[in-house]
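Visitor: Have a peek at work04.cif (mmCIF, C-alpha atoms).
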data_start
#
loop_
_atom_site.group_PDB
_atom_site.id
_atom_site.type_symbol
_atom_site.label_atom_id
_atom_site.label_comp_id
_atom_site.auth_asym_id
_atom_site.auth_seq_id
_atom_site.Cartn_x
_atom_site.Cartn_y
_atom_site.Cartn_z
ATOM 1 C CA MET A 179 0.000 0.000 0.000
ATOM 2 C CA LEU A 180 2.839 2.396 0.821
ATOM 3 C CA ASP A 181 4.395 1.708 -2.579
ATOM 4 C CA LEU A 182 1.170 2.724 -4.355
ATOM 5 C CA THR A 183 0.976 5.970 -2.360
ATOM 6 C CA VAL A 184 4.565 6.890 -3.201
ATOM 7 C CA ARG A 185 4.045 6.121 -6.882
ATOM 8 C CA PHE A 186 0.803 8.121 -6.926
ATOM 9 C CA LEU A 187 2.494 11.146 -5.302
ATOM 10 C CA ALA A 188 5.420 10.928 -7.730
ATOM 11 C CA TRP A 189 2.982 10.817 -10.651
ATOM 12 C CA MET A 190 1.062 13.858 -9.297
ATOM 13 C CA LEU A 191 4.289 15.816 -8.830
ATOM 14 C CA ARG A 192 5.337 15.006 -12.384
ATOM 15 C CA ILE A 193 2.011 16.355 -13.659
ATOM 16 C CA CYS A 194 1.753 19.433 -11.426
ATOM 17 C CA THR A 195 5.325 20.730 -11.499
ATOM 18 C CA PRO A 196 7.052 21.931 -14.656
ATOM 19 C CA SER A 197 9.914 19.904 -16.012
ATOM 20 C CA PRO A 198 13.284 21.663 -15.854
ATOM 21 C CA GLN A 199 14.371 23.353 -19.054
ATOM 22 C CA GLY A 200 17.278 25.403 -20.298
ATOM 23 C CA ARG A 201 20.556 25.612 -18.390
ATOM 24 C CA HIS A 202 19.395 23.302 -15.627
ATOM 25 C CA ARG A 203 19.328 20.329 -17.987
ATOM 26 C CA LEU A 204 22.781 20.975 -19.449
ATOM 27 C CA GLY A 205 25.643 18.793 -18.341
ATOM 28 C CA ALA A 206 28.299 21.499 -18.597
ATOM 29 C CA MET A 207 28.081 25.271 -18.421
ATOM 30 C CA PRO A 208 28.664 27.043 -21.753
ATOM 31 C CA PRO A 209 31.614 29.464 -21.769
ATOM 32 C CA LEU A 210 30.711 33.050 -20.887
ATOM 33 C CA ARG A 211 31.389 35.696 -23.461
ATOM 34 C CA PHE A 212 33.107 38.678 -21.883
ATOM 35 C CA ILE A 213 33.625 41.822 -23.907
ATOM 36 C CA PRO A 214 35.787 44.367 -22.069
ATOM 37 C CA VAL A 215 34.444 47.922 -22.100
ATOM 38 C CA PRO A 216 36.963 50.750 -21.880
ATOM 39 C CA PRO A 217 36.425 53.207 -19.006
ATOM 40 C CA PRO A 218 34.899 56.581 -19.930
ATOM 41 C CA ALA A 219 37.364 59.321 -20.733
ATOM 42 C CA PHE A 220 36.663 62.650 -19.028
ATOM 43 C CA THR A 221 37.803 65.325 -21.421
ATOM 44 C CA GLU A 222 36.048 68.449 -20.179
ATOM 45 C CA ILE A 223 37.156 70.381 -17.112
ATOM 46 C CA LEU A 224 34.518 71.110 -14.495
ATOM 47 C CA ASP A 225 33.924 74.812 -13.888
ATOM 48 C CA GLY A 226 33.487 75.665 -10.205
ATOM 49 C CA ASN A 227 32.065 79.101 -10.982
ATOM 50 C CA ALA A 228 29.107 77.602 -12.835
ATOM 51 C CA SER A 229 27.596 76.062 -9.687
ATOM 52 C CA ARG A 230 25.702 77.956 -6.984
ATOM 53 C CA LEU A 231 27.605 78.504 -3.775
ATOM 54 C CA VAL A 232 24.494 78.609 -1.572
ATOM 55 C CA ARG A 233 23.167 75.213 -0.634
ATOM 56 C CA PRO A 234 19.434 74.902 -1.381
ATOM 57 C CA TYR A 235 18.578 73.492 2.057
ATOM 58 C CA VAL A 236 19.995 76.466 4.004
ATOM 59 C CA LEU A 237 17.061 78.461 5.367
ATOM 60 C CA GLU A 238 16.812 82.168 6.004
ATOM 61 C CA PRO A 239 16.027 83.229 9.596
ATOM 62 C CA THR A 240 12.340 83.942 8.835
ATOM 63 C CA GLU A 241 11.920 80.560 7.088
ATOM 64 C CA ARG A 242 13.643 78.841 10.013
ATOM 65 C CA ARG A 243 11.274 80.607 12.477
ATOM 66 C CA HIS A 244 8.190 79.537 10.496
ATOM 67 C CA GLN A 245 9.479 75.974 10.361
ATOM 68 C CA ARG A 246 10.120 75.987 14.118
ATOM 69 C CA GLU A 247 6.564 77.289 14.733
ATOM 70 C CA ARG A 248 5.070 74.537 12.543
ATOM 71 C CA ARG A 249 7.097 71.851 14.316
ATOM 72 C CA ARG A 250 6.112 73.233 17.735
ATOM 73 C CA ALA A 251 2.426 73.272 16.740
ATOM 74 C CA ALA A 252 2.671 69.680 15.505
ATOM 75 C CA HIS A 253 4.365 68.550 18.718
ATOM 76 C CA LEU A 254 1.797 70.302 20.907
ATOM 77 C CA ALA A 255 -1.007 68.784 18.811
ATOM 78 C CA THR A 256 0.251 65.312 19.756
ATOM 79 C CA LEU A 257 -0.168 66.364 23.392
ATOM 80 C CA GLY A 258 -3.729 67.595 22.771
ATOM 81 C CA ILE A 259 -2.900 71.308 22.811
ATOM 82 C CA ASP A 260 -4.208 73.330 19.854
ATOM 83 C CA VAL A 261 -2.132 76.391 18.978
ATOM 84 C CA GLY A 262 -3.735 76.940 15.529
ATOM 85 C CA PRO A 263 -3.115 79.904 13.242
ATOM 86 C CA LYS A 264 -3.625 83.498 14.328
ATOM 87 C CA HIS A 265 -5.132 84.502 10.967
ATOM 88 C CA ILE A 266 -7.468 82.443 8.790
ATOM 89 C CA HIS A 267 -8.133 83.885 5.324
ATOM 90 C CA GLY A 268 -6.872 87.271 6.478
ATOM 91 C CA VAL A 269 -9.236 87.462 9.485
ATOM 92 C CA ARG A 270 -7.748 87.448 12.981
ATOM 93 C CA VAL A 271 -8.962 84.500 15.067
ATOM 94 C CA PRO A 272 -9.632 85.085 18.787
ATOM 95 C CA ALA A 273 -7.450 83.178 21.218
ATOM 96 C CA ALA A 274 -10.411 81.319 22.753
ATOM 97 C CA THR A 275 -11.285 79.566 19.471
ATOM 98 C CA ARG A 276 -7.727 78.563 18.560
#
Will you turn the file into structure tokens for me?
Guide:
Amino acid sequence: MLDLTVRFLAWMLRICTPSPQGRHRLGAMPPLRFIPVPPPAFTEILDGNASRLVRPYVLEPTERRHQRERRRAAHLATLGIDVGPKHIHGVRVPAATR
């Protein structure tokens, strides 16, 4: 009985799984073709005056203050404290509703 079960499972595996094809059936690996590529030749000289000297991520003092205010408001919001904006659409908002 065990022999029939093993033969049945082997037959099912043969039907359900794909048979190996391509390189897996080869006895020996074919030789690889290697074509050397020469390294790129840099012929032009880089001009240091063409690039901007100011890094784009450096903030001005007013931008840094606004960013600090936004981060503070976000941190206080996680604590349940609302420090919303002082002006909404150009209209001043009272402190009690913020």
Visitor: If I wrap all listed atoms of stretch 239-251 of chain A in a box with edges along x, y and z and add 3 Å on each side, what are its centre and edge lengths in Å to one decimal, as JSON?
Guide:
{"center_x": 9.2, "center_y": 77.9, "center_z": 12.4, "size_x": 19.6, "size_y": 18.1, "size_z": 16.6}
Visitor: Which polymer residues have any atom within 10 Å of an atom of A:Ala251, counting all atoms listed in the file, with same-chain residues fewer than 4 positions away left out, as a ChimeraX atom specification?
Guide: /A:245-247,255-257,259-263
Visitor: Write the selection just made, keeping C-alpha atoms, as an mmCIF file, in the frame of the given file?
Guide:
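See selection-v2.cif below for the written result:
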data_model
loop_
_atom_site.group_PDB
_atom_site.id
_atom_site.type_symbol
_atom_site.label_atom_id
_atom_site.label_comp_id
_atom_site.auth_asym_id
_atom_site.auth_seq_id
_atom_site.Cartn_x
_atom_site.Cartn_y
_atom_site.Cartn_z
ATOM 1 C CA GLN A 245 9.479 75.974 10.361
ATOM 2 C CA ARG A 246 10.120 75.987 14.118
ATOM 3 C CA GLU A 247 6.564 77.289 14.733
ATOM 4 C CA ALA A 255 -1.007 68.784 18.811
ATOM 5 C CA THR A 256 0.251 65.312 19.756
ATOM 6 C CA LEU A 257 -0.168 66.364 23.392
ATOM 7 C CA ILE A 259 -2.900 71.308 22.811
ATOM 8 C CA ASP A 260 -4.208 73.330 19.854
ATOM 9 C CA VAL A 261 -2.132 76.391 18.978
ATOM 10 C CA GLY A 262 -3.735 76.940 15.529
ATOM 11 C CA PRO A 263 -3.115 79.904 13.242
#
Visitor: Mind pulling up the distance from atom CA of A:Arg248 to atom CA of A:Ile266?
Guide: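 Spanning atom CA of A:Ile266 to atom CA of A:Arg248 is a straight-line distance of 15.3 Å.
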Visitor: Have a look at atom CA of A:His267 and atom CA of A:Leu237 and let me know their distance in Å, one decimal.
Guide: 25.8 Å
